[in-house]
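Chemist: The structure follows.
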Protein chains: 2
Amino acid sequence: MQNTHEKLELFVKKCKEIGLKITPQRLAVYEVLLKSYNHPTVEEIYEEVKKMYPYVSLATVYRTLETLEKIGLVKRVCFWGNSARYDANTSEHHHLICEKCGRIEDIDLEQKLAIPENLQGFKTHSYSVNIYGLCSECQSNQQA
Amino acid sequence: MQNTHEKLELFVKKCKEIGLKITPQRLAVYEVLLKSYNHPTVEEIYEEVKKMYPYVSLATVYRTLETLEKIGLVKRVCFWGNSARYDANTSEHHHLICEKCGRIEDIDLEQKLAIPENLQGFKTHSYSVNIYGLCSECQSNQQA
DNA sequence: ATAGAAATGATAAATATTATTGAAAAGTTT
DNA sequence: AAACTTTTCAATAATATTTATCATTTCTAT
Ligand SMILES: [Mn+2]
Ligand SMILES: [Mn+2]
Ligand SMILES: [Zn+2]
Ligand SMILES: [Zn+2]
């Protein structure tokens with residue numbers, strides 16, 4: 001597992017390769033996402049970035065996330081609620097989702113699925129497992 | 001596997017039990033979803049319902065889908081794009097998603113995952129697998 | 001048939017996302 | 001370095017999606 005600093009260096013390297021400019025905003029958006037483990041919404045990332053760059057625009061955050069996704073450094077996750085959430089952890093991993101509050105946690109599943117490369121005409125390349133349930137907090141709230 | 005008619009009867013029965021009124025709009029929305037196997041968006045369901053009830057309101061479709069989900073007759077799926085999609089197939093099954101065009105197909109995976117009832121404090125109750133790839137149509141388009 | 005409760009339709013409001021645009025920054029050529 | 005071209009930026013406008021409001025209609029039990 002790489003640390004934030006190494007990941008940021010990788011980002012800089014990748015940008016140079018592709019010919020993307022390394023702007024403070026891009027770095028800030030990526031850094032915020034690297035440091036957050038709760039799969040934040042665009043709005044949440046925006047609020048965090050604003051602490052460093054108060055004049056940043058929400059549209060810039062949207063654009064940057066789109067760019068980061070395109071070059072494969074972040075993933076868009078969208079299993080709950082109706083706003084997109086992002087994840088800087090691009091390694092194959094799975095999610096535990098609270099159906100009450102929407103909390104999304106990473107989970108490392110030992111069990112692996114063997115997915116055929118071709119399935120119903122699709123050429124497959126990855127899979128993800130979402131496990132649904134109630135987080136501990138929501139469980140205690142429900143009892144009350 | 002029940003047919004549409006049986007499912008609609010079950011719906012009527014369930015409504016009576018819970019005290020929900022059986023309105024033509026509700027039946028129409030559910031019927032449209034029962035007959036569609038492509039996980040349509042709300043807008044798509046609305047367009048279909050309008051063919052039967054030209055004066056139906058989009059808000060009613062949203063409301064009805066929410067109600068149907070609440071009583072467990074439909075599921076909201078949201079893995080691609082940024083509008084909700086619905087599925088009247090509530091049995092445990094999984095999905096094949098084309099990352100190019102967003103097509104979502106059902107898939108019957110023989111492999112099963114054994115999910116512990118308790119995981120990281122969560123009380124789990126179900127899981128779903130999303131397999132990502134390119135549909136056959138998008139594969140041929142890409143070669144051109 | 002009537003009354004009361006609940007649902008609908010039309011529309012407004014709220015959220016979420018994308019497109020546009022002019023300016024600034026960076027890169028190139030001379 | 002100046003002039004020119006290209007890329008990116010930020011702000012805003014525009015669009016898309018979802019939810020709330022409320023007067024009216026419909027459903028259901030009596
Ligand atoms: Mn994750
Ligand atoms: Mn399905
Ligand atoms: Zn929760
Ligand atoms: Zn496709």
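Going through the structure tokens in order, the chains are called A, B, and so on, while each chain numbers its residues from 1 and the ligands are numbered from 1 in the order shown.
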Can you list every residue of chain D that has an atom at most 12 Å from chain B, with its nearest atom pair and the distance in Å to one decimal, using only C-alpha atoms (C1' of nucleotides), ordered by chain then number, as CSV?
Modeler:
```
residue,atom,partner,partner_atom,distance
D:DA16,C1',B:Ser83,CA,9.1
D:DT17,C1',B:Ser83,CA,6.8
D:DT18,C1',B:Tyr62,CA,8.2
D:DT19,C1',B:Ala59,CA,8.6
D:DA20,C1',B:Ala59,CA,10.3
D:DT21,C1',B:Ala59,CA,11.9
D:DT25,C1',B:Thr23,CA,12.0
D:DT26,C1',B:Thr23,CA,8.3
D:DC27,C1',B:Lys21,CA,6.5
D:DT28,C1',B:Lys21,CA,8.1
D:DA29,C1',B:Gly19,CA,11.6
```
Chemist: List every residue of chain B that DSSP, applied to the backbone, labels as strand (DSSP E or B), and write the result as a PyMOL selection string.
Modeler: chain B and resi 41+75-77+85-87+94-98+104-107+118-119+122-134
Chemist: Give the residues of chain A that lie within 12 Å of chain B; count only C-alpha atoms, and format the answer as number ranges by chain.
Modeler: A: 75-85, 93-100, 103-140
Chemist: Using only C-alpha atoms (C1' of nucleotides), select each residue of chain C with any atom at most 12 Å away from an atom of chain A, and give the selection as a ChimeraX atom specification.
Modeler: /C:15-19,25-27
